[in-house]
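File shown: input-v2.cif. Contents: mmCIF, C-alpha atoms.
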```
data_target
loop_
_atom_site.group_PDB
_atom_site.id
_atom_site.type_symbol
_atom_site.label_atom_id
_atom_site.label_comp_id
_atom_site.auth_asym_id
_atom_site.auth_seq_id
_atom_site.Cartn_x
_atom_site.Cartn_y
_atom_site.Cartn_z
ATOM 1 C CA MET A 1 87.102 -56.198 25.488
ATOM 2 C CA SER A 2 85.119 -59.429 25.605
ATOM 3 C CA LEU A 3 81.435 -60.156 25.047
ATOM 4 C CA THR A 4 79.714 -62.672 27.321
ATOM 5 C CA SER A 5 76.141 -63.951 27.346
ATOM 6 C CA CYS A 6 74.497 -64.550 30.708
ATOM 7 C CA HIS A 7 71.175 -64.971 32.499
ATOM 8 C CA VAL A 8 70.171 -61.912 34.540
ATOM 9 C CA HIS A 9 68.081 -62.432 37.677
ATOM 10 C CA PHE A 10 66.733 -60.002 40.278
ATOM 11 C CA SER A 11 67.213 -60.319 44.053
ATOM 12 C CA PRO A 12 65.438 -58.265 46.772
ATOM 13 C CA GLN A 13 68.432 -56.822 48.655
ATOM 14 C CA SER A 14 68.500 -53.050 48.916
ATOM 15 C CA GLU A 15 72.308 -52.873 48.983
ATOM 16 C CA ARG A 16 74.270 -52.426 45.774
ATOM 17 C CA ILE A 17 75.436 -56.021 45.387
ATOM 18 C CA VAL A 18 75.840 -58.276 42.361
ATOM 19 C CA TYR A 19 76.022 -62.055 42.652
ATOM 20 C CA LEU A 20 77.938 -63.926 39.960
ATOM 21 C CA SER A 21 78.287 -67.617 39.293
ATOM 22 C CA SER A 22 81.867 -68.905 39.315
ATOM 23 C CA SER A 23 82.023 -69.438 35.554
ATOM 24 C CA LEU A 24 80.723 -65.920 34.849
ATOM 25 C CA LEU A 25 83.170 -64.442 37.352
ATOM 26 C CA LYS A 26 85.979 -66.176 35.478
ATOM 27 C CA SER A 27 84.708 -65.130 32.035
ATOM 28 C CA LEU A 28 84.592 -61.485 33.100
ATOM 29 C CA LYS A 29 88.045 -61.696 34.718
ATOM 30 C CA LEU A 30 86.624 -60.494 38.031
ATOM 31 C CA ALA A 31 88.005 -63.287 40.202
ATOM 32 C CA GLY A 32 89.552 -61.745 43.329
ATOM 33 C CA LYS A 33 87.802 -58.374 42.755
ATOM 34 C CA LYS A 34 85.707 -56.904 45.553
ATOM 35 C CA SER A 35 83.675 -54.521 43.411
ATOM 36 C CA VAL A 36 82.745 -53.804 39.824
ATOM 37 C CA HIS A 37 81.551 -50.768 37.858
ATOM 38 C CA LEU A 38 78.223 -51.634 36.216
ATOM 39 C CA LYS A 39 77.004 -49.588 33.242
ATOM 40 C CA LEU A 40 73.658 -49.515 31.473
ATOM 41 C CA GLY A 41 72.998 -46.774 28.958
ATOM 42 C CA LYS A 42 74.444 -43.520 30.232
ATOM 43 C CA GLN A 43 74.411 -44.544 33.894
ATOM 44 C CA THR A 44 77.211 -46.227 35.859
ATOM 45 C CA ILE A 45 77.355 -47.387 39.494
ATOM 46 C CA THR A 46 79.789 -49.321 41.669
ATOM 47 C CA ALA A 47 78.548 -52.532 43.283
ATOM 48 C CA ALA A 48 80.064 -55.110 45.598
ATOM 49 C CA ILE A 49 80.757 -58.578 44.214
ATOM 50 C CA ARG A 50 79.561 -61.840 45.739
ATOM 51 C CA THR A 51 79.995 -65.356 44.348
ATOM 52 C CA ILE A 52 77.180 -67.919 44.165
ATOM 53 C CA ASN A 53 77.468 -71.657 43.671
ATOM 54 C CA ARG A 54 75.521 -72.245 40.476
ATOM 55 C CA GLN A 55 76.348 -73.888 37.174
ATOM 56 C CA GLY A 56 76.336 -71.713 34.041
ATOM 57 C CA SER A 57 76.600 -67.963 33.557
ATOM 58 C CA HIS A 58 74.258 -66.230 35.997
ATOM 59 C CA LEU A 59 74.140 -62.668 37.281
ATOM 60 C CA TYR A 60 71.903 -61.632 40.167
ATOM 61 C CA LEU A 61 71.242 -57.903 40.561
ATOM 62 C CA SER A 62 70.027 -56.575 43.888
ATOM 63 C CA ALA A 63 67.151 -54.080 44.001
ATOM 64 C CA GLY A 64 69.674 -51.409 44.918
ATOM 65 C CA VAL A 65 71.572 -52.053 41.680
ATOM 66 C CA ARG A 66 68.720 -52.478 39.243
ATOM 67 C CA ASN A 67 66.855 -49.415 40.543
ATOM 68 C CA SER A 68 69.964 -47.231 40.385
ATOM 69 C CA ILE A 69 70.755 -47.959 36.745
ATOM 70 C CA ARG A 70 67.146 -48.798 35.769
ATOM 71 C CA VAL A 71 67.615 -52.354 34.498
ATOM 72 C CA PRO A 72 64.371 -52.974 32.568
ATOM 73 C CA LYS A 73 63.958 -56.741 32.935
ATOM 74 C CA ALA A 74 65.533 -60.096 33.726
ATOM 75 C CA GLY A 75 66.464 -62.682 31.112
ATOM 76 C CA THR A 76 69.307 -63.576 28.771
ATOM 77 C CA ILE A 77 71.477 -60.594 27.878
ATOM 78 C CA SER A 78 75.019 -59.681 26.851
ATOM 79 C CA LEU A 79 77.773 -58.321 29.070
ATOM 80 C CA LEU A 80 80.727 -56.351 27.731
ATOM 81 C CA GLN A 81 83.811 -56.154 29.925
ATOM 82 C CA ASP A 82 86.604 -53.661 29.380
ATOM 83 C CA GLU A 83 90.000 -53.136 30.988
ATOM 84 C CA ASP A 84 88.831 -50.640 33.615
ATOM 85 C CA ASN A 85 86.926 -53.140 35.752
ATOM 86 C CA GLU A 86 83.723 -51.950 34.066
ATOM 87 C CA VAL A 87 80.991 -54.275 32.868
ATOM 88 C CA GLN A 88 78.373 -52.973 30.490
ATOM 89 C CA ILE A 89 74.955 -54.636 30.600
ATOM 90 C CA GLY A 90 72.977 -54.729 27.407
ATOM 91 C CA PRO A 91 73.631 -52.649 25.427
ATOM 92 C CA LEU A 92 70.549 -50.485 25.792
ATOM 93 C CA ILE A 93 69.266 -49.738 22.286
ATOM 94 C CA GLY A 94 66.489 -47.236 21.645
ATOM 95 C CA VAL A 95 64.434 -47.351 18.436
ATOM 96 C CA LEU A 96 63.255 -43.825 17.654
ATOM 97 C CA THR A 97 59.877 -43.560 15.934
ATOM 98 C CA ASP A 98 56.634 -41.567 16.096
ATOM 99 C CA SER A 99 53.329 -42.423 17.743
ATOM 100 C CA GLY A 100 51.168 -41.321 14.805
ATOM 101 C CA LEU A 101 47.575 -42.311 15.602
ATOM 102 C CA GLY A 102 48.655 -44.868 18.172
ATOM 103 C CA SER A 103 46.583 -46.480 20.922
ATOM 104 C CA THR A 104 47.386 -48.588 23.981
ATOM 105 C CA GLY A 105 47.575 -51.820 21.987
ATOM 106 C CA SER A 106 49.166 -50.154 18.950
ATOM 107 C CA PRO A 107 51.281 -47.312 20.354
ATOM 108 C CA PHE A 108 52.886 -46.548 16.967
ATOM 109 C CA GLY A 109 49.793 -46.743 14.787
ATOM 110 C CA SER A 110 50.209 -48.664 11.541
ATOM 111 C CA ARG A 111 53.954 -49.055 12.235
ATOM 112 C CA THR A 112 53.403 -50.964 15.494
ATOM 113 C CA GLY A 113 53.876 -54.401 13.881
ATOM 114 C CA TYR A 114 57.133 -53.335 12.266
ATOM 115 C CA ILE A 115 58.499 -51.847 15.502
ATOM 116 C CA ARG A 116 57.479 -55.030 17.360
ATOM 117 C CA GLN A 117 59.446 -57.072 14.813
ATOM 118 C CA LEU A 118 62.557 -54.930 15.351
ATOM 119 C CA LEU A 119 62.399 -55.349 19.119
ATOM 120 C CA ARG A 120 61.888 -59.106 18.874
ATOM 121 C CA MET A 121 64.957 -59.397 16.656
ATOM 122 C CA GLY A 122 67.049 -57.996 19.495
ATOM 123 C CA GLU A 123 65.724 -60.218 22.274
ATOM 124 C CA ARG A 124 68.330 -62.244 24.166
ATOM 125 C CA LYS A 125 71.085 -59.990 22.803
ATOM 126 C CA ALA A 126 70.396 -56.497 24.101
ATOM 127 C CA TYR A 127 67.764 -54.374 25.843
ATOM 128 C CA PHE A 128 65.686 -53.056 22.951
ATOM 129 C CA PHE A 129 62.934 -50.508 23.448
ATOM 130 C CA ALA A 130 61.005 -48.041 21.301
ATOM 131 C CA PHE A 131 60.382 -44.388 22.072
ATOM 132 C CA THR A 132 59.191 -41.126 20.564
ATOM 133 C CA PRO A 133 60.740 -37.668 20.979
ATOM 134 C CA ARG A 134 58.082 -36.838 23.576
ATOM 135 C CA ASP A 135 59.243 -39.701 25.815
ATOM 136 C CA ILE A 136 62.658 -38.163 26.585
ATOM 137 C CA ASP A 137 63.438 -36.321 29.819
ATOM 138 C CA TRP A 138 66.690 -34.536 29.002
ATOM 139 C CA GLN A 139 67.133 -33.014 32.464
ATOM 140 C CA GLN A 140 66.952 -36.388 34.215
ATOM 141 C CA GLU A 141 68.656 -38.160 31.275
ATOM 142 C CA LYS A 142 65.975 -40.823 31.090
ATOM 143 C CA VAL A 143 63.406 -42.177 28.628
ATOM 144 C CA ASN A 144 59.926 -43.551 29.266
ATOM 145 C CA GLY A 145 60.242 -46.324 26.698
ATOM 146 C CA TYR A 146 58.026 -49.061 25.277
ATOM 147 C CA PHE A 147 59.118 -52.652 25.942
ATOM 148 C CA LEU A 148 57.663 -55.979 24.819
ATOM 149 C CA ASN A 149 56.501 -58.629 27.261
ATOM 150 C CA SER A 150 56.718 -62.374 26.570
ATOM 151 C CA GLN A 151 53.231 -62.344 24.961
ATOM 152 C CA GLY A 152 54.161 -59.562 22.541
ATOM 153 C CA GLY A 153 52.221 -56.896 24.436
ATOM 154 C CA TRP A 154 53.515 -53.444 25.303
ATOM 155 C CA TYR A 155 54.444 -51.959 28.651
ATOM 156 C CA ARG A 156 56.171 -48.743 29.666
ATOM 157 C CA LYS A 157 59.437 -48.644 31.589
ATOM 158 C CA THR A 158 61.701 -45.722 32.457
ATOM 159 C CA VAL A 159 65.327 -46.315 31.518
ATOM 160 C CA SER A 160 68.501 -44.310 31.113
ATOM 161 C CA LEU A 161 69.352 -42.581 27.863
ATOM 162 C CA PRO A 162 70.385 -45.457 25.575
ATOM 163 C CA ASP A 163 73.825 -46.515 24.417
ATOM 164 C CA VAL A 164 72.672 -46.300 20.803
ATOM 165 C CA VAL A 165 69.718 -44.760 18.944
ATOM 166 C CA TYR A 166 68.361 -46.447 15.812
ATOM 167 C CA ASN A 167 66.358 -43.915 13.814
ATOM 168 C CA ARG A 168 63.115 -45.306 12.395
ATOM 169 C CA LEU A 169 61.140 -42.074 11.965
ATOM 170 C CA PRO A 170 58.474 -42.822 9.370
ATOM 171 C CA SER A 171 58.977 -40.017 6.838
ATOM 172 C CA ARG A 172 61.338 -37.439 5.423
ATOM 173 C CA ARG A 173 58.976 -34.705 6.575
ATOM 174 C CA ALA A 174 59.196 -35.923 10.179
ATOM 175 C CA GLU A 175 62.990 -36.136 10.227
ATOM 176 C CA THR A 176 63.634 -32.722 8.632
ATOM 177 C CA THR A 177 61.782 -30.652 11.233
ATOM 178 C CA SER A 178 63.789 -28.358 13.504
ATOM 179 C CA THR A 179 62.682 -30.456 16.503
ATOM 180 C CA ILE A 180 64.191 -33.663 15.118
ATOM 181 C CA THR A 181 67.337 -31.882 13.922
ATOM 182 C CA SER A 182 67.841 -30.543 17.444
ATOM 183 C CA LEU A 183 67.101 -33.995 18.883
ATOM 184 C CA ARG A 184 69.844 -35.639 16.818
ATOM 185 C CA GLU A 185 72.326 -32.948 17.794
ATOM 186 C CA ARG A 186 71.588 -33.484 21.500
ATOM 187 C CA PHE A 187 72.251 -37.201 21.202
ATOM 188 C CA ILE A 188 75.540 -36.533 19.437
ATOM 189 C CA ARG A 189 76.597 -34.007 22.091
ATOM 190 C CA LYS A 190 76.026 -36.697 24.692
ATOM 191 C CA GLN A 191 78.191 -39.047 22.598
ATOM 192 C CA ILE A 192 75.282 -41.376 21.861
ATOM 193 C CA PRO A 193 75.645 -42.846 18.340
ATOM 194 C CA PHE A 194 72.670 -42.041 16.116
ATOM 195 C CA PHE A 195 72.337 -44.663 13.371
ATOM 196 C CA ASN A 196 70.334 -44.317 10.164
ATOM 197 C CA TRP A 197 70.901 -40.570 10.214
ATOM 198 C CA SER A 198 68.455 -39.764 7.415
ATOM 199 C CA PHE A 199 66.618 -41.110 4.413
ATOM 200 C CA PHE A 200 68.896 -41.994 1.520
ATOM 201 C CA ASN A 201 68.998 -39.840 -1.580
ATOM 202 C CA LYS A 202 69.259 -42.272 -4.501
ATOM 203 C CA SER A 203 71.535 -40.099 -6.639
ATOM 204 C CA ASP A 204 73.912 -39.471 -3.705
ATOM 205 C CA VAL A 205 74.128 -43.199 -2.959
ATOM 206 C CA TYR A 206 74.819 -43.953 -6.623
ATOM 207 C CA LYS A 207 77.635 -41.387 -6.723
ATOM 208 C CA LEU A 208 79.245 -42.942 -3.645
ATOM 209 C CA LEU A 209 79.054 -46.482 -5.020
ATOM 210 C CA ASP A 210 80.212 -45.300 -8.434
ATOM 211 C CA GLN A 211 83.590 -44.431 -6.879
ATOM 212 C CA ASP A 212 84.115 -47.967 -5.570
ATOM 213 C CA VAL A 213 85.766 -50.341 -8.062
ATOM 214 C CA GLU A 214 84.247 -53.500 -6.534
ATOM 215 C CA ALA A 215 80.742 -52.034 -6.303
ATOM 216 C CA LEU A 216 80.783 -50.499 -9.772
ATOM 217 C CA VAL A 217 80.665 -53.843 -11.629
ATOM 218 C CA HIS A 218 77.345 -54.631 -9.920
ATOM 219 C CA MET A 219 75.739 -51.230 -10.471
ATOM 220 C CA PRO A 220 72.791 -50.922 -12.861
ATOM 221 C CA GLU A 221 73.104 -48.051 -15.329
ATOM 222 C CA SER A 222 71.606 -44.934 -13.822
ATOM 223 C CA ALA A 223 70.955 -41.358 -14.951
ATOM 224 C CA ASN A 224 69.961 -38.481 -12.687
ATOM 225 C CA ASN A 225 67.369 -36.021 -14.042
ATOM 226 C CA PRO A 226 67.492 -37.677 -17.503
ATOM 227 C CA ARG A 227 66.258 -35.877 -20.600
ATOM 228 C CA PRO A 228 63.634 -37.712 -22.701
ATOM 229 C CA GLU A 229 66.337 -38.681 -25.197
ATOM 230 C CA LYS A 230 68.258 -40.488 -22.448
ATOM 231 C CA ILE A 231 65.152 -42.304 -21.212
ATOM 232 C CA LYS A 232 64.394 -43.491 -24.754
ATOM 233 C CA GLU A 233 67.988 -44.614 -25.237
ATOM 234 C CA MET A 234 67.966 -46.642 -21.981
ATOM 235 C CA LEU A 235 64.598 -48.218 -22.803
ATOM 236 C CA GLU A 236 65.800 -49.397 -26.198
ATOM 237 C CA LYS A 237 69.036 -50.688 -24.651
ATOM 238 C CA HIS A 238 67.613 -52.512 -21.590
ATOM 239 C CA GLN A 239 63.939 -53.130 -22.586
ATOM 240 C CA PHE A 240 62.779 -52.056 -19.135
ATOM 241 C CA ILE A 241 63.835 -49.401 -16.638
ATOM 242 C CA TYR A 242 62.714 -47.944 -13.326
ATOM 243 C CA TYR A 243 61.870 -44.261 -13.242
ATOM 244 C CA LYS A 244 61.719 -43.075 -9.650
ATOM 245 C CA PRO A 245 61.978 -39.987 -7.440
ATOM 246 C CA THR A 246 65.496 -39.330 -6.194
ATOM 247 C CA ALA A 247 64.303 -38.671 -2.644
ATOM 248 C CA GLY A 248 61.471 -41.205 -2.623
ATOM 249 C CA SER A 249 60.815 -44.174 -0.350
ATOM 250 C CA LEU A 250 58.380 -47.072 0.132
ATOM 251 C CA GLY A 251 57.931 -47.405 -3.637
ATOM 252 C CA ILE A 252 55.901 -44.180 -3.876
ATOM 253 C CA GLY A 253 56.039 -42.481 -7.270
ATOM 254 C CA ILE A 254 57.941 -45.287 -9.037
ATOM 255 C CA TYR A 255 57.235 -46.229 -12.652
ATOM 256 C CA ARG A 256 58.285 -49.458 -14.327
ATOM 257 C CA LEU A 257 58.724 -48.537 -17.991
ATOM 258 C CA THR A 258 58.961 -51.258 -20.640
ATOM 259 C CA TYR A 259 59.696 -51.210 -24.364
ATOM 260 C CA ASN A 260 58.676 -53.896 -26.842
ATOM 261 C CA PRO A 261 59.650 -53.190 -30.484
ATOM 262 C CA LYS A 262 56.455 -54.865 -31.778
ATOM 263 C CA ARG A 263 53.952 -53.701 -29.146
ATOM 264 C CA GLY A 264 55.157 -50.285 -28.056
ATOM 265 C CA TYR A 265 55.785 -48.740 -24.631
ATOM 266 C CA PHE A 266 54.243 -49.694 -21.269
ATOM 267 C CA ALA A 267 54.114 -47.962 -17.889
ATOM 268 C CA ARG A 268 53.257 -49.704 -14.616
ATOM 269 C CA TYR A 269 52.681 -47.804 -11.371
ATOM 270 C CA ARG A 270 50.527 -47.645 -8.246
ATOM 271 C CA ARG A 271 47.549 -45.293 -7.954
ATOM 272 C CA ASN A 272 45.200 -45.263 -4.950
ATOM 273 C CA ASN A 273 46.523 -48.661 -3.767
ATOM 274 C CA THR A 274 45.828 -50.307 -7.125
ATOM 275 C CA ASN A 275 48.134 -51.373 -9.963
ATOM 276 C CA VAL A 276 47.913 -49.428 -13.214
ATOM 277 C CA LEU A 277 49.196 -50.641 -16.609
ATOM 278 C CA LEU A 278 49.154 -48.254 -19.576
ATOM 279 C CA ARG A 279 50.218 -48.945 -23.172
ATOM 280 C CA PHE A 280 51.516 -46.274 -25.558
ATOM 281 C CA THR A 281 52.093 -46.562 -29.296
ATOM 282 C CA SER A 282 54.900 -43.975 -29.209
ATOM 283 C CA PHE A 283 57.557 -42.797 -26.800
ATOM 284 C CA ASN A 284 56.305 -39.209 -27.025
ATOM 285 C CA SER A 285 52.856 -40.216 -25.760
ATOM 286 C CA LEU A 286 54.506 -41.985 -22.804
ATOM 287 C CA MET A 287 56.439 -38.822 -21.914
ATOM 288 C CA ARG A 288 53.308 -36.662 -22.238
ATOM 289 C CA MET A 289 51.610 -38.856 -19.633
ATOM 290 C CA LEU A 290 54.519 -38.494 -17.206
ATOM 291 C CA GLN A 291 54.706 -34.740 -17.697
ATOM 292 C CA ALA A 292 50.949 -34.389 -17.251
ATOM 293 C CA ARG A 293 51.091 -36.254 -13.932
ATOM 294 C CA HIS A 294 54.148 -34.492 -12.493
ATOM 295 C CA GLY A 295 54.987 -31.440 -14.586
ATOM 296 C CA ASN A 296 58.451 -30.774 -15.977
ATOM 297 C CA SER A 297 59.727 -29.414 -12.648
ATOM 298 C CA GLY A 298 58.536 -32.532 -10.810
ATOM 299 C CA LEU A 299 60.377 -34.839 -13.197
ATOM 300 C CA GLU A 300 63.617 -32.952 -12.586
ATOM 301 C CA ARG A 301 63.802 -34.786 -9.250
ATOM 302 C CA TYR A 302 63.638 -38.224 -10.884
ATOM 303 C CA VAL A 303 66.315 -40.832 -11.605
ATOM 304 C CA CYS A 304 66.248 -43.389 -14.402
ATOM 305 C CA GLN A 305 67.710 -46.805 -13.636
ATOM 306 C CA GLN A 306 68.309 -49.976 -15.621
ATOM 307 C CA GLY A 307 65.841 -52.713 -14.724
ATOM 308 C CA VAL A 308 67.289 -55.974 -13.407
ATOM 309 C CA ARG A 309 65.113 -59.095 -13.565
#
```
Could you render the structure as structure tokens?
Amino acid sequence: MSLTSCHVHFSPQSERIVYLSSSLLKSLKLAGKKSVHLKLGKQTITAAIRTINRQGSHLYLSAGVRNSIRVPKAGTISLLQDEDNEVQIGPLIGVLTDSGLGSTGSPFGSRTGYIRQLLRMGERKAYFFAFTPRDIDWQQEKVNGYFLNSQGGWYRKTVSLPDVVYNRLPSRRAETTSTITSLRERFIRKQIPFFNWSFFNKSDVYKLLDQDVEALVHMPESANNPRPEKIKEMLEKHQFIYYKPTAGSLGIGIYRLTYNPKRGYFARYRRNNTNVLLRFTSFNSLMRMLQARHGNSGLERYVCQQGVR
């Protein structure tokens, strides 16, 4: 297989014809071929080949071609050629998220800026679009996705099911519903890779890295569901540690605990979007605060980790 970058243009012909510049024809090893299998997402068609006299790597897609495989837009894109006379355009990459309290200008609510950044990162390399579970038509194998225009605005375009799905659902609660579980399984059945399968569990990740000799030397000391004695031991050894929920994300529920032999114990955390700093004269008073905020059962789902400056 070989990866080639080219400029995609649209032409008005209704027939299924592709026009390639001589250099692109040579790069794709299509010289002498009369037709080519074009693939975008889960759709493939056969189109006749014509050569055009133009410098550089240029591909012109007739209306018959682009409508059949739903090519979303012109511009610089990648082509992947395999040994079966098949050329894949794109790839077509779908970013799965949720609309939340979205609007026309911000279709993904507070996450719109982040999703826009992801799509911009993929420009000139692949066809990136964003979608929600409600945008999928499984019977027709198509998605009514959100694309970015050159000004950074949003527009809708119907495309094939993507080559790859990148999961950016905003919360653990969203991704653990039966609807999302079924959604992932349907993508896998259709042999569509589903990346970022789920939120990471910190203790599981630590156990995996702990088995790797090269990774282990870089690992901060960590203890899952530590007893107070262990927390005190780590504080006295490292001076500061992070105490955080095993299944947490976005910094929610994290404490930065510090020990100073002359001044006592300190806890930093976020509460109602503000920073909180508390000082304790004894370790027991620090633990009473944590237990009062979370209860003993809540702290069982915490991990204690060496702080690294």
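Each of A:Ala126, A:Ala74, A:Leu278, A:Ile254 was checked against His294 (chain A) using only C-alpha atoms; the smallest atom-to-atom distance is that of A:Ile254.
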Show me, as lines of an AutoDock Vina configuration file, the centre and edge lengths in Å to one decimal of the axis-aligned box that covers every listed atom of region 265-275 of chain A with 8 Å on each side.
```
center_x = 50.5
center_y = -48.3
center_z = -14.2
size_x = 26.6
size_y = 22.1
size_z = 36.9
```
Exercise. Measuring atom to atom with only C-alpha atoms, identify which of A:Arg120, A:Lys232, A:Arg111, A:Arg16 is nearest to Asn284 (chain A).
Key: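 Looking at the shortest contact to Asn284 (chain A), the residue is A:Lys232.
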Quiz item: Written as a count of residues only, what is the full residue list that the PyMOL selection byres ((chain A and resi 27-30) around 9) yields on the file shown?
Solution: 22
Exercise. Identify all residues satisfying the PyMOL selection byres ((chain A and resi 161) around 9) in the given file; provide them as a PyMOL selection string.
Key: chain A and resi 40-43+92+94+136-138+141-143+159-160+162-164+192
Could you write out the selected residues, including C-alpha atoms, as a PDB file, in the frame of the given file?
```pdb
ATOM      1  CA  LEU A  40      73.658 -49.515  31.473  1.00  0.00           C
ATOM      2  CA  GLY A  41      72.998 -46.774  28.958  1.00  0.00           C
ATOM      3  CA  LYS A  42      74.444 -43.520  30.232  1.00  0.00           C
ATOM      4  CA  GLN A  43      74.411 -44.544  33.894  1.00  0.00           C
ATOM      5  CA  LEU A  92      70.549 -50.485  25.792  1.00  0.00           C
ATOM      6  CA  GLY A  94      66.489 -47.236  21.645  1.00  0.00           C
ATOM      7  CA  ILE A 136      62.658 -38.163  26.585  1.00  0.00           C
ATOM      8  CA  ASP A 137      63.438 -36.321  29.819  1.00  0.00           C
ATOM      9  CA  TRP A 138      66.690 -34.536  29.002  1.00  0.00           C
ATOM     10  CA  GLU A 141      68.656 -38.160  31.275  1.00  0.00           C
ATOM     11  CA  LYS A 142      65.975 -40.823  31.090  1.00  0.00           C
ATOM     12  CA  VAL A 143      63.406 -42.177  28.628  1.00  0.00           C
ATOM     13  CA  VAL A 159      65.327 -46.315  31.518  1.00  0.00           C
ATOM     14  CA  SER A 160      68.501 -44.310  31.113  1.00  0.00           C
ATOM     15  CA  PRO A 162      70.385 -45.457  25.575  1.00  0.00           C
ATOM     16  CA  ASP A 163      73.825 -46.515  24.417  1.00  0.00           C
ATOM     17  CA  VAL A 164      72.672 -46.300  20.803  1.00  0.00           C
ATOM     18  CA  ILE A 192      75.282 -41.376  21.861  1.00  0.00           C
TER      19      ILE A 192
END
```
Exercise. Please evaluate the PyMOL selection byres ((chain A and resi 267) around 12) against the displayed coordinates and give the resulting residues as a PyMOL selection string.
Key: chain A and resi 235+240-243+254-260+264-266+268-270+275-281+283+285-287+289-290
Quiz item: Do you know which residues are at most 10 Å from Ser222 (chain A) counting only C-alpha atoms, after dropping those on the same chain fewer than 3 positions away, and could you put them as a VMD selection string?
Solution: chain A and resid 202 to 203 206 to 207 219 225 to 226 234 241 to 243 303 to 307
Dump of C-alpha atoms for the selected residues, as an mmCIF file, keeping the file's coordinate frame:
```cif
data_model
loop_
_atom_site.group_PDB
_atom_site.id
_atom_site.type_symbol
_atom_site.label_atom_id
_atom_site.label_comp_id
_atom_site.auth_asym_id
_atom_site.auth_seq_id
_atom_site.Cartn_x
_atom_site.Cartn_y
_atom_site.Cartn_z
ATOM 1 C CA LYS A 202 69.259 -42.272 -4.501
ATOM 2 C CA SER A 203 71.535 -40.099 -6.639
ATOM 3 C CA TYR A 206 74.819 -43.953 -6.623
ATOM 4 C CA LYS A 207 77.635 -41.387 -6.723
ATOM 5 C CA MET A 219 75.739 -51.230 -10.471
ATOM 6 C CA ASN A 225 67.369 -36.021 -14.042
ATOM 7 C CA PRO A 226 67.492 -37.677 -17.503
ATOM 8 C CA MET A 234 67.966 -46.642 -21.981
ATOM 9 C CA ILE A 241 63.835 -49.401 -16.638
ATOM 10 C CA TYR A 242 62.714 -47.944 -13.326
ATOM 11 C CA TYR A 243 61.870 -44.261 -13.242
ATOM 12 C CA VAL A 303 66.315 -40.832 -11.605
ATOM 13 C CA CYS A 304 66.248 -43.389 -14.402
ATOM 14 C CA GLN A 305 67.710 -46.805 -13.636
ATOM 15 C CA GLN A 306 68.309 -49.976 -15.621
ATOM 16 C CA GLY A 307 65.841 -52.713 -14.724
#
```
Quiz prompt | Ref. answer, residues at most 9 Å from (61.7, -40.7, 22.6) with only C-alpha atoms, as a ChimeraX atom specification | solution = /A:94-98,130-137,143-145
Practice problem: Please identify all polymer residues within 8 Å of Ser21 (chain A), counting only C-alpha atoms, omitting same-chain residues fewer than 6 positions from it, and present them as a PyMOL selection string. | Solution: chain A and resi 51-59
Convert the current residue selection to file output with C-alpha atoms, as a compact mmCIF listing (two decimals), in the frame of the given file.
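out-v1.txt was written with the following content:
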```txt
# COMPACT_ATOMS: atom_id res chain seq x y z
CA THR A 51 80.00 -65.36 44.35
CA ILE A 52 77.18 -67.92 44.16
CA ASN A 53 77.47 -71.66 43.67
CA ARG A 54 75.52 -72.24 40.48
CA GLN A 55 76.35 -73.89 37.17
CA GLY A 56 76.34 -71.71 34.04
CA SER A 57 76.60 -67.96 33.56
CA HIS A 58 74.26 -66.23 36.00
CA LEU A 59 74.14 -62.67 37.28
```
Self-check item: Nearest-residue call for Pro245 (chain A), choices A:Thr274, A:Leu209, A:Arg301, A:Arg263, using all atoms listed in the file
Solution: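 Ranking A:Thr274, A:Leu209, A:Arg301, A:Arg263 by distance to Pro245 (chain A), first place goes to A:Arg301.
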Practice problem: Determine, counting all atoms listed in the file, which protein, DNA and RNA residues have an atom within 12 Å of an atom of Ala47 (chain A); residues of the same chain fewer than 4 positions away are not included. Present the result as a PyMOL selection string. | Solution: chain A and resi 14-20+33-39+60-66+68-69+85-87
Practice problem: For CA of Phe128 (chain A) and CA of Val205 (chain A), quote the distance in Å rounded to one decimal. | Solution: 29.0 Å
Exercise. Using CA of Ala223 (chain A) and CA of His238 (chain A) as the two end points, give the distance in Å to one decimal.
Key: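 Computing the Euclidean distance for CA of Ala223 (chain A) and CA of His238 (chain A) yields 13.4 Å.
Distances from A:Phe195, A:Gln140, A:Asn272, A:Ile231 to Leu299 (chain A) were compared using only C-alpha atoms, and the smallest one belongs to A:Ile231.
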Quiz item: Suppose you want the space between CA of Glu236 (chain A) and CA of Glu300 (chain A); what is it in Å?
Solution: 21.5 Å
Quiz item: Looking at all atoms listed in the file, which of A:Pro220, A:Gly90, A:Gly152, A:Pro72 is the one that sits closest to Arg309 (chain A)?
Solution: A:Pro220
